[in-house]
Amino acid sequence: MTTAFSPQQNQAKPGTPPAALVVDHATKRFVVADKRRPVVAIDDVSMRLERGEIYGILGSNGSGKSTLIRLICGLLTLDSGRVEIFGHDLVREELAVKRLINRVSVDAAFFKKLSPFENLSFAARLYGLEAGSARVAALKILGRLGISERRADRPIEQMSRGMQQKVAIARALLTSPSLLLLDEPTTGLDPRSKLDVQTFIEELRTDHDATIVLTTHDLAEADRLCDRISILNDGRKVVEATPTGLKLLVAERHDQPATLEAAFMTYTGRSLDDDHEPTEDANEPD
Amino acid sequence: MTVLSREMKTSYAFIERNFYLTRRYWGWELAFLVYSVAGALSISLIGAQAGDSRLLLSLMIGAIFWNYLSVVFSWIAETIAVERWEGTLEYTMMAPIRRATQLLGSTAYAIVYGLVHTAVILVVLILFFPQLDLARANPVTAVAFVLLGSFSFVGIGMIAAILPLLYVERGAQMTFVLQSCLLLVSGVYYSISILPPWMQVLSHISPATYVLDGVRRGLIDGVPITNLFGDVWPLLVMGVTLIPLGIWAFGRAERYAKRTGKLKRVG
Ligand SMILES: Nc1ncnc2c1ncn2[C@@H]1O[C@H](COP(=O)(O)OP(=O)(O)O)[C@@H](O)[C@H]1O
Ligand SMILES: [Mg+2]
């Protein structure tokens with residue numbers, strides 16, 4: 001079991017392969033016009049993922065999960081801190097890092113009038129893949145997710161949300177990412193689609209050698225899929241442990257039932273979290 | 001060389017995607033084409049009604065060549081706006097491509113689309129006005145100005161494209177207003193000398209002014225391009241400066257958007 005609150009070991013030992021992902025004291029603030037103080041969306045967060053891991057990030061809405069994911073894939077720049085992916089620095093080796101990662105967000109973002117194939121072809125070309133072989137690979141992934149070739153040529157807007165989300169996953173997989181960032185990939189899906197996607201995520205680790213960061217509001221999903229889980233609250237990482245470790249922790253230290261739900265409530269509840277101030281009041285230099 | 005050919009290949013992603021979009025929205029494309037043809041025709045008819053063949057030709061040239069420039073401008077300027085509208089912007093920005101490559105792809109499609117679109121209008125107008133006397137026309141001059149003008153319009157398009165990066169809500173609208181201002185000051189249907197002096201200042205910084213003047217002198221008076229240096233050098237200067245400026249500004253705007261969270265906020 002990984003001990004909670006373990007100090008970050010961000011420096012790779014010589015000879016060991018680089019970590020899949022190192023986030024080192026990342027901080028991100030947003031200046032929101034109608035507020036005087038910037039919102040600290042990510043506050044001094046560090047984490048280290050080994051290759052092949054599925055790492056879950058839990059937290060209430062607005063706790064910073066999506067911001068952290070965007071920082072990792074370079075869609076937002078860090079105010080301070082550092083991100084390294086398989087030994088490549090995100091800022092200095094931007095193109096190299098971009099080739100290694102892909103992301104699926106909660107809203108499957110596509111050209112809605114175009115078909116899955118047209119959308120996937122665009123994505124494939126952006127990553128320098130041949131359109132022909134990309135089509136074959138896309139068919140395979142879509143087939144695995146239960147989408148037939150016939151469906152793949154009709155406008156994507158005619159598909160259900162569950163289907164669209166599967167196509168979004170196919171788009172990400174097409175580029176064979178070493179690090180896959182899944183931001184609430186199952187939110188809003190019906191139970192069957194959800195199960196399909198979860199099973200597929202499990203397969204990814206075993207068959208595709210992918211390292212996965214997964215944010216979710218589904219605690220059973222986190223329990224089932226994740227090797228380790230961290231909980232964000234107001235942009236801070238408040239705990240990090242294996243699912244089992246987290247349950248034990250909340251039972252032993254907080255006298256709560258040994259469930260992930262209890263852990264979530266404990267670590268995100270303001271009343272129980274008295275050593276953390278709400279972010280807006282953080283004394284940031286202006 | 002391998003880097004260059006790889007980037008060319010990647011830029012094809014944007015050409016193909018834009019082609020798919022055109023194909024999928026063909027109904028709108030057709031409607032837009034009909035509207036453009038009707039607009040060009042009705043303006044040219046003002047010249048026909050006046051019984052002035054010089055005016056007719058001058059209006060036709062304005063309608064046709066402005067159509068080309070504005071179509072090229074819009075396709076490039078809407079590179080970002082379209083993706084923001086569809087919600088795909090983050091995915092494109094995440095891809096391992098250079099911004100110059102992305103702009104190259106958008107530009108290539110814009111020019112091909114602009115040429116096809118404008119050719120249709122040209123053919124319709126020529127069929128509609130068989131009385132046109134083009135015996136004195138110098139087509140080389142016209143083609144040369146279209147080429148030269150494309151460079152500066154590509155540059156302006158790139159600069160306009162960053163507005164939706166900087167202003168989430170209003171960027172696309174600003175791009176549209178910019179295009180309208182270019183139409184007003186560039187002497188598309190009249191001589192810029194009738195504009196108030198302050199507007200003429202703007203006329204002189206619009207590349208369309210020089211393109212239209214050059215094309216008119218070439219097609220109406222048969223002047224060879226070698227005698228039109230006054231229209232050539234501003235276009236050369238603008239083309240050479242605006243494209244690198246556009247690419248540079250695009251990169252800056254991207255960094256600004258990533259720092260302030262303007263790419264996308266929700267989801
Ligand atoms: N682009 C942005 N501009 C301004 N504020 C943002 C932006 N993205 C996120 N935020 C703010 O940062 C905080 C964290 O948001 P987010 O990362 O989306 O949370 P989560 O994904 O956990 O729901 C929220 O207060 C949110 O309003
Ligand atoms: Mg989120």
# chains A, B, ... in the order shown; residues from 1 in each chain; ligands from 1
$ interface_residues --of "chain A" --to "chain B" --cutoff "9 Å" --atoms "only C-alpha atoms" --output "VMD selection string"
chain A and resid 28 to 31 66 to 67 73 to 79 94 to 99 101 to 103 105 to 114 118 to 119 121 to 129 155 183 to 184
$ write_last_selection --atoms "N, CA and C atoms" --output "short mmCIF file (atom, residue, chain, number, x, y, z; two decimals), in the first residue's frame"
data_model
loop_
_atom_site.label_atom_id
_atom_site.label_comp_id
_atom_site.auth_asym_id
_atom_site.auth_seq_id
_atom_site.Cartn_x
_atom_site.Cartn_y
_atom_site.Cartn_z
N LYS A 28 -1.67 27.17 -10.79
CA LYS A 28 -2.33 27.92 -11.86
C LYS A 28 -3.43 28.80 -11.28
N ARG A 29 -3.33 30.08 -11.60
CA ARG A 29 -4.38 31.03 -11.16
C ARG A 29 -5.11 31.56 -12.38
N PHE A 30 -6.36 31.89 -12.19
CA PHE A 30 -7.12 32.57 -13.24
C PHE A 30 -7.59 33.91 -12.71
N VAL A 31 -7.40 34.91 -13.53
CA VAL A 31 -7.94 36.21 -13.17
C VAL A 31 -9.35 36.29 -13.74
N SER A 66 -10.08 19.44 -14.18
CA SER A 66 -9.89 19.71 -15.61
C SER A 66 -8.73 20.66 -15.84
N THR A 67 -8.56 21.59 -14.93
CA THR A 67 -7.44 22.53 -15.08
C THR A 67 -6.12 21.77 -15.01
N CYS A 73 -1.56 18.71 -20.55
CA CYS A 73 -1.43 18.60 -22.01
C CYS A 73 -1.13 19.95 -22.68
N GLY A 74 -0.73 20.91 -21.92
CA GLY A 74 -0.22 22.14 -22.52
C GLY A 74 -1.30 23.07 -23.05
N LEU A 75 -2.56 22.85 -22.67
CA LEU A 75 -3.62 23.75 -23.12
C LEU A 75 -3.69 24.98 -22.23
N LEU A 76 -3.03 24.88 -21.09
CA LEU A 76 -2.88 26.03 -20.20
C LEU A 76 -1.41 26.08 -19.82
N THR A 77 -0.90 27.27 -19.59
CA THR A 77 0.49 27.34 -19.14
C THR A 77 0.52 27.46 -17.61
N LEU A 78 1.55 26.90 -17.04
CA LEU A 78 1.73 26.93 -15.59
C LEU A 78 2.15 28.33 -15.15
N ASP A 79 1.65 28.74 -14.00
CA ASP A 79 2.18 29.97 -13.38
C ASP A 79 3.52 29.65 -12.74
N GLU A 94 7.94 20.83 -26.43
CA GLU A 94 6.49 20.83 -26.60
C GLU A 94 6.01 19.80 -27.64
N LEU A 95 6.62 19.82 -28.81
CA LEU A 95 6.14 18.93 -29.87
C LEU A 95 6.35 17.46 -29.50
N ALA A 96 7.49 17.16 -28.88
CA ALA A 96 7.77 15.78 -28.48
C ALA A 96 6.72 15.30 -27.47
N VAL A 97 6.40 16.17 -26.53
CA VAL A 97 5.42 15.81 -25.51
C VAL A 97 4.05 15.62 -26.14
N LYS A 98 3.70 16.53 -27.07
CA LYS A 98 2.38 16.44 -27.68
C LYS A 98 2.18 15.13 -28.43
N ARG A 99 3.26 14.59 -28.98
CA ARG A 99 3.13 13.31 -29.69
C ARG A 99 2.82 12.17 -28.73
N ILE A 101 0.95 12.34 -25.87
CA ILE A 101 -0.27 12.41 -25.06
C ILE A 101 -1.51 12.59 -25.92
N ASN A 102 -2.62 12.24 -25.34
CA ASN A 102 -3.90 12.62 -25.91
C ASN A 102 -4.90 12.69 -24.78
N ARG A 103 -6.04 13.26 -25.10
CA ARG A 103 -6.99 13.58 -24.03
C ARG A 103 -8.40 13.33 -24.52
N SER A 105 -12.16 14.59 -23.26
CA SER A 105 -12.81 15.45 -22.28
C SER A 105 -14.26 15.05 -22.13
N VAL A 106 -14.91 15.64 -21.17
CA VAL A 106 -16.28 15.22 -20.85
C VAL A 106 -17.22 15.49 -22.02
N ASP A 107 -17.00 16.60 -22.73
CA ASP A 107 -17.82 16.83 -23.92
C ASP A 107 -17.05 16.34 -25.14
N ALA A 108 -17.63 15.41 -25.86
CA ALA A 108 -16.98 14.89 -27.05
C ALA A 108 -17.01 15.99 -28.10
N ALA A 109 -15.88 16.63 -28.33
CA ALA A 109 -15.84 17.78 -29.21
C ALA A 109 -15.48 17.35 -30.63
N PHE A 110 -16.45 17.52 -31.52
CA PHE A 110 -16.24 17.13 -32.91
C PHE A 110 -16.80 18.17 -33.85
N PHE A 111 -16.42 18.06 -35.11
CA PHE A 111 -17.14 18.78 -36.14
C PHE A 111 -18.44 18.01 -36.32
N LYS A 112 -19.53 18.60 -35.83
CA LYS A 112 -20.76 17.82 -35.63
C LYS A 112 -21.39 17.34 -36.92
N LYS A 113 -21.19 18.10 -38.00
CA LYS A 113 -21.79 17.69 -39.27
C LYS A 113 -20.93 16.65 -39.98
N LEU A 114 -19.68 16.52 -39.56
CA LEU A 114 -18.83 15.54 -40.21
C LEU A 114 -19.04 14.17 -39.57
N GLU A 118 -14.55 11.17 -40.90
CA GLU A 118 -13.97 12.45 -41.32
C GLU A 118 -13.27 13.13 -40.14
N ASN A 119 -13.90 13.06 -38.98
CA ASN A 119 -13.28 13.62 -37.79
C ASN A 119 -11.99 12.89 -37.42
N SER A 121 -10.13 11.13 -39.39
CA SER A 121 -9.11 11.32 -40.42
C SER A 121 -8.35 12.63 -40.17
N PHE A 122 -9.09 13.66 -39.79
CA PHE A 122 -8.45 14.94 -39.46
C PHE A 122 -7.48 14.76 -38.30
N ALA A 123 -7.96 14.10 -37.24
CA ALA A 123 -7.10 13.89 -36.08
C ALA A 123 -5.85 13.10 -36.46
N ALA A 124 -6.06 12.05 -37.26
CA ALA A 124 -4.93 11.20 -37.63
C ALA A 124 -3.88 11.99 -38.40
N ARG A 125 -4.33 12.81 -39.34
CA ARG A 125 -3.39 13.59 -40.14
C ARG A 125 -2.63 14.60 -39.29
N LEU A 126 -3.31 15.14 -38.30
CA LEU A 126 -2.63 16.10 -37.42
C LEU A 126 -1.47 15.43 -36.70
N TYR A 127 -1.60 14.15 -36.45
CA TYR A 127 -0.54 13.42 -35.76
C TYR A 127 0.38 12.70 -36.74
N GLY A 128 0.26 13.07 -38.01
CA GLY A 128 1.18 12.55 -39.01
C GLY A 128 0.93 11.11 -39.42
N LEU A 129 -0.29 10.60 -39.19
CA LEU A 129 -0.58 9.23 -39.59
C LEU A 129 -1.10 9.21 -41.02
N PRO A 155 -23.20 11.76 -40.20
CA PRO A 155 -22.82 12.87 -39.33
C PRO A 155 -22.83 12.49 -37.86
N ASP A 183 -10.77 12.92 -18.95
CA ASP A 183 -11.43 13.87 -18.06
C ASP A 183 -12.92 13.57 -18.03
N GLU A 184 -13.34 12.89 -17.01
CA GLU A 184 -14.73 12.46 -16.85
C GLU A 184 -15.27 11.78 -18.11
#
$ residues_around --residues "Leu58 of chain A" --least-positions-apart "5" --cutoff "12 Å" --atoms "only C-alpha atoms" --output "count of residues only"
42
$ atom_distance --atom1 "atom CA of Asp196 of chain A" --atom2 "atom CA of Arg154 of chain A"
21.8 Å
$ select_by_dssp --residues "segment 74-186 of chain A" --states "strand (DSSP E)" --output "JSON list (two decimals) with N, CA and C atoms, in the first residue's frame"
[["chain", "number", "residue", "atom", "x", "y", "z"],
["A", 80, "SER", "N", 3.57, 28.50, -12.08],
["A", 80, "SER", "CA", 4.85, 28.04, -11.56],
["A", 80, "SER", "C", 4.79, 26.53, -11.47],
["A", 81, "GLY", "N", 5.96, 25.92, -11.36],
["A", 81, "GLY", "CA", 6.04, 24.48, -11.32],
["A", 81, "GLY", "C", 6.48, 23.92, -12.66],
["A", 82, "ARG", "N", 6.37, 22.62, -12.78],
["A", 82, "ARG", "CA", 6.96, 21.94, -13.93],
["A", 82, "ARG", "C", 6.17, 20.67, -14.23],
["A", 83, "VAL", "N", 6.08, 20.35, -15.51],
["A", 83, "VAL", "CA", 5.46, 19.08, -15.90],
["A", 83, "VAL", "C", 6.42, 18.35, -16.82],
["A", 84, "GLU", "N", 6.60, 17.07, -16.56],
["A", 84, "GLU", "CA", 7.50, 16.27, -17.37],
["A", 84, "GLU", "C", 6.78, 14.99, -17.78],
["A", 85, "ILE", "N", 6.87, 14.64, -19.05],
["A", 85, "ILE", "CA", 6.19, 13.45, -19.54],
["A", 85, "ILE", "C", 7.21, 12.52, -20.19],
["A", 88, "HIS", "N", 10.39, 14.12, -20.82],
["A", 88, "HIS", "CA", 10.43, 15.33, -21.66],
["A", 88, "HIS", "C", 9.75, 16.49, -20.94],
["A", 89, "ASP", "N", 10.41, 17.60, -20.92],
["A", 89, "ASP", "CA", 9.84, 18.78, -20.30],
["A", 89, "ASP", "C", 8.75, 19.36, -21.20],
["A", 101, "ILE", "N", 0.95, 12.34, -25.87],
["A", 101, "ILE", "CA", -0.27, 12.41, -25.06],
["A", 101, "ILE", "C", -1.51, 12.59, -25.92],
["A", 102, "ASN", "N", -2.62, 12.24, -25.34],
["A", 102, "ASN", "CA", -3.90, 12.62, -25.91],
["A", 102, "ASN", "C", -4.90, 12.69, -24.78],
["A", 103, "ARG", "N", -6.04, 13.26, -25.10],
["A", 103, "ARG", "CA", -6.99, 13.58, -24.03],
["A", 103, "ARG", "C", -8.40, 13.33, -24.52],
["A", 104, "VAL", "N", -9.24, 12.89, -23.61],
["A", 104, "VAL", "CA", -10.67, 12.79, -23.89],
["A", 104, "VAL", "C", -11.35, 13.65, -22.84],
["A", 179, "LEU", "N", 0.59, 8.47, -22.80],
["A", 179, "LEU", "CA", -0.12, 8.99, -21.64],
["A", 179, "LEU", "C", -1.48, 9.47, -22.11],
["A", 180, "LEU", "N", -2.52, 8.87, -21.53],
["A", 180, "LEU", "CA", -3.88, 9.20, -21.95],
["A", 180, "LEU", "C", -4.57, 9.92, -20.79],
["A", 181, "LEU", "N", -5.12, 11.09, -21.09],
["A", 181, "LEU", "CA", -5.77, 11.88, -20.05],
["A", 181, "LEU", "C", -7.28, 11.80, -20.28],
["A", 182, "LEU", "N", -7.97, 11.19, -19.35],
["A", 182, "LEU", "CA", -9.41, 11.00, -19.50],
["A", 182, "LEU", "C", -10.13, 11.88, -18.48],
["A", 183, "ASP", "N", -10.77, 12.92, -18.95],
["A", 183, "ASP", "CA", -11.43, 13.87, -18.06],
["A", 183, "ASP", "C", -12.92, 13.57, -18.03]]
$ residues_around --residues "Ala63 of chain B" --least-positions-apart "3" --cutoff "10 Å" --atoms "only C-alpha atoms" --output "list of chain:residue names"
B:Ser36, B:Val37, B:Gly39, B:Ala40, B:Leu41, B:Ser42, B:Ile43, B:Ser44, B:Leu57, B:Ser58, B:Leu59, B:Met60, B:Trp66, B:Asn67, B:Tyr68, B:Thr118, B:Ile121, B:Leu122, B:Val188, B:Tyr189, B:Leu212
$ select_by_dssp --residues "segment 12-178 of chain A" --states "helix (DSSP H, G or I)" --output "JSON, numbers by chain"
{"A": [65, 66, 67, 68, 69, 70, 71, 72, 94, 95, 96, 97, 98, 99, 100, 116, 117, 118, 119, 120, 121, 122, 123, 124, 125, 126, 131, 132, 133, 134, 135, 136, 137, 138, 139, 140, 141, 142, 143, 144, 151, 152, 153, 156, 157, 158, 161, 162, 163, 164, 165, 166, 167, 168, 169, 170, 171, 172, 173, 174]}
$ atom_distance --atom1 "atom CA of Ile111 of chain B" --atom2 "atom CA of Leu148 of chain B"
12.4 Å
$ residues_around --residues "segment 223-231 of chain B" --least-positions-apart "2" --cutoff "12 Å" --atoms "only C-alpha atoms" --output "ChimeraX atom specification"
/B:136-146,148-149,204-221,233-238
$ write_last_selection --atoms "C-alpha atoms" --output "PDB file, in the first residue's frame"
ATOM      1  CA  ARG B 136      -7.559  45.842 -74.781  1.00  0.00           C
ATOM      2  CA  ALA B 137      -7.365  43.860 -71.559  1.00  0.00           C
ATOM      3  CA  ASN B 138      -4.042  42.732 -70.198  1.00  0.00           C
ATOM      4  CA  PRO B 139      -4.804  39.481 -68.331  1.00  0.00           C
ATOM      5  CA  VAL B 140      -1.220  39.062 -67.156  1.00  0.00           C
ATOM      6  CA  THR B 141      -1.546  42.230 -65.114  1.00  0.00           C
ATOM      7  CA  ALA B 142      -4.777  40.973 -63.531  1.00  0.00           C
ATOM      8  CA  VAL B 143      -3.337  37.585 -62.625  1.00  0.00           C
ATOM      9  CA  ALA B 144      -0.191  39.174 -61.216  1.00  0.00           C
ATOM     10  CA  PHE B 145      -2.212  41.461 -58.961  1.00  0.00           C
ATOM     11  CA  VAL B 146      -4.376  38.614 -57.739  1.00  0.00           C
ATOM     12  CA  LEU B 148       0.385  39.690 -55.129  1.00  0.00           C
ATOM     13  CA  GLY B 149      -2.806  40.658 -53.348  1.00  0.00           C
ATOM     14  CA  HIS B 204      -3.931  53.507 -48.453  1.00  0.00           C
ATOM     15  CA  ILE B 205      -3.259  50.836 -45.870  1.00  0.00           C
ATOM     16  CA  SER B 206      -5.751  48.394 -47.382  1.00  0.00           C
ATOM     17  CA  PRO B 207      -4.109  46.041 -49.870  1.00  0.00           C
ATOM     18  CA  ALA B 208      -7.425  45.664 -51.696  1.00  0.00           C
ATOM     19  CA  THR B 209      -7.116  49.270 -52.894  1.00  0.00           C
ATOM     20  CA  TYR B 210      -3.956  48.460 -54.827  1.00  0.00           C
ATOM     21  CA  VAL B 211      -5.201  45.123 -56.114  1.00  0.00           C
ATOM     22  CA  LEU B 212      -8.390  46.633 -57.511  1.00  0.00           C
ATOM     23  CA  ASP B 213      -6.621  49.635 -59.001  1.00  0.00           C
ATOM     24  CA  GLY B 214      -4.029  47.403 -60.628  1.00  0.00           C
ATOM     25  CA  VAL B 215      -6.576  44.957 -62.005  1.00  0.00           C
ATOM     26  CA  ARG B 216      -8.747  47.787 -63.370  1.00  0.00           C
ATOM     27  CA  ARG B 217      -5.860  49.445 -65.149  1.00  0.00           C
ATOM     28  CA  GLY B 218      -4.773  46.100 -66.532  1.00  0.00           C
ATOM     29  CA  LEU B 219      -8.178  44.942 -67.734  1.00  0.00           C
ATOM     30  CA  ILE B 220      -9.746  48.261 -68.762  1.00  0.00           C
ATOM     31  CA  ASP B 221      -6.756  50.179 -70.091  1.00  0.00           C
ATOM     32  CA  TRP B 233       5.376  48.052 -54.228  1.00  0.00           C
ATOM     33  CA  PRO B 234       2.786  48.549 -51.452  1.00  0.00           C
ATOM     34  CA  LEU B 235       1.532  45.023 -52.084  1.00  0.00           C
ATOM     35  CA  LEU B 236       5.058  43.632 -52.037  1.00  0.00           C
ATOM     36  CA  VAL B 237       5.839  45.389 -48.780  1.00  0.00           C
ATOM     37  CA  MET B 238       2.559  44.304 -47.175  1.00  0.00           C
TER      38      MET B 238
END
$ residues_around --residues "Val167 of chain A" --least-positions-apart "2" --cutoff "10 Å" --atoms "only C-alpha atoms" --output "list in words"
Val104, Ala108, Ala109, Phe110, Pro116, Phe117, Asn119, Leu120, Ala138, Ile141, Leu142, Leu145, Ile147, Ala152, Ile156, Met159, Arg161, Gly162, Met163, Gln164, Gln165, Ile169, Ala170, Arg171, Ala172 and Leu173 of chain A
$ closest_residue --among "B:Ala81, B:Val112, B:Met8, B:Leu45" --to "Tyr167 of chain B" --atoms "only C-alpha atoms"
B:Ala81
$ residues_around --residues "segment 244-253 of chain B" --least-positions-apart "3" --cutoff "9 Å" --atoms "only C-alpha atoms" --output "PyMOL selection string"
chain B and resi 99-100+103+154-163+165-166+239-241+256-258
$ atom_distance --atom1 "atom CA of Phe32 of chain B" --atom2 "atom CA of Gly47 of chain B"
23.5 Å
$ closest_residue --among "B:Val232, B:Val3, B:Leu30, B:Val168" --to "ligand 1" --atoms "only C-alpha atoms and all ligand atoms"
B:Val168
$ closest_residue --among "A:Ser176, A:Ser115, A:Thr211, A:Asn61" --to "ligand 2" --atoms "only C-alpha atoms and all ligand atoms"
A:Asn61
$ decode --residues "segment 165-177 of chain B" --atoms "N, CA, C and O atoms" --output "CSV table (one decimal), in the first residue's frame"
chain,number,residue,atom,x,y,z
B,165,LEU,N,-9.1,34.2,-30.7
B,165,LEU,CA,-8.3,33.6,-29.6
B,165,LEU,C,-8.3,34.6,-28.4
B,165,LEU,O,-8.2,34.2,-27.3
B,166,LEU,N,-8.2,35.9,-28.7
B,166,LEU,CA,-8.1,36.9,-27.7
B,166,LEU,C,-9.4,37.2,-27.0
B,166,LEU,O,-9.5,37.5,-25.8
B,167,TYR,N,-10.5,37.3,-27.9
B,167,TYR,CA,-11.8,37.7,-27.3
B,167,TYR,C,-12.7,36.6,-27.6
B,167,TYR,O,-13.2,36.4,-28.7
B,168,VAL,N,-13.0,35.8,-26.5
B,168,VAL,CA,-13.9,34.6,-26.7
B,168,VAL,C,-15.2,34.9,-27.3
B,168,VAL,O,-15.7,34.3,-28.2
B,169,GLU,N,-15.9,36.0,-26.8
B,169,GLU,CA,-17.2,36.3,-27.2
B,169,GLU,C,-17.2,37.1,-28.5
B,169,GLU,O,-18.0,36.8,-29.4
B,170,ARG,N,-16.4,38.1,-28.6
B,170,ARG,CA,-16.6,39.1,-29.7
B,170,ARG,C,-15.6,38.9,-30.8
B,170,ARG,O,-15.7,39.6,-31.8
B,171,GLY,N,-14.7,38.0,-30.7
B,171,GLY,CA,-13.6,37.9,-31.7
B,171,GLY,C,-14.1,37.7,-33.1
B,171,GLY,O,-13.7,38.4,-34.0
B,172,ALA,N,-15.0,36.8,-33.3
B,172,ALA,CA,-15.5,36.5,-34.6
B,172,ALA,C,-16.3,37.7,-35.2
B,172,ALA,O,-16.2,37.9,-36.4
B,173,GLN,N,-17.0,38.4,-34.3
B,173,GLN,CA,-17.7,39.6,-34.8
B,173,GLN,C,-16.7,40.6,-35.2
B,173,GLN,O,-16.9,41.3,-36.2
B,174,MET,N,-15.6,40.8,-34.5
B,174,MET,CA,-14.6,41.8,-34.8
B,174,MET,C,-14.1,41.5,-36.2
B,174,MET,O,-13.8,42.4,-37.0
B,175,THR,N,-13.8,40.2,-36.5
B,175,THR,CA,-13.3,39.8,-37.8
B,175,THR,C,-14.2,40.3,-38.9
B,175,THR,O,-13.8,40.8,-39.9
B,176,PHE,N,-15.5,40.1,-38.7
B,176,PHE,CA,-16.5,40.5,-39.6
B,176,PHE,C,-16.5,42.0,-39.9
B,176,PHE,O,-16.6,42.4,-41.0
B,177,VAL,N,-16.4,42.7,-38.8
B,177,VAL,CA,-16.4,44.2,-38.9
B,177,VAL,C,-15.1,44.6,-39.7
B,177,VAL,O,-15.2,45.5,-40.5
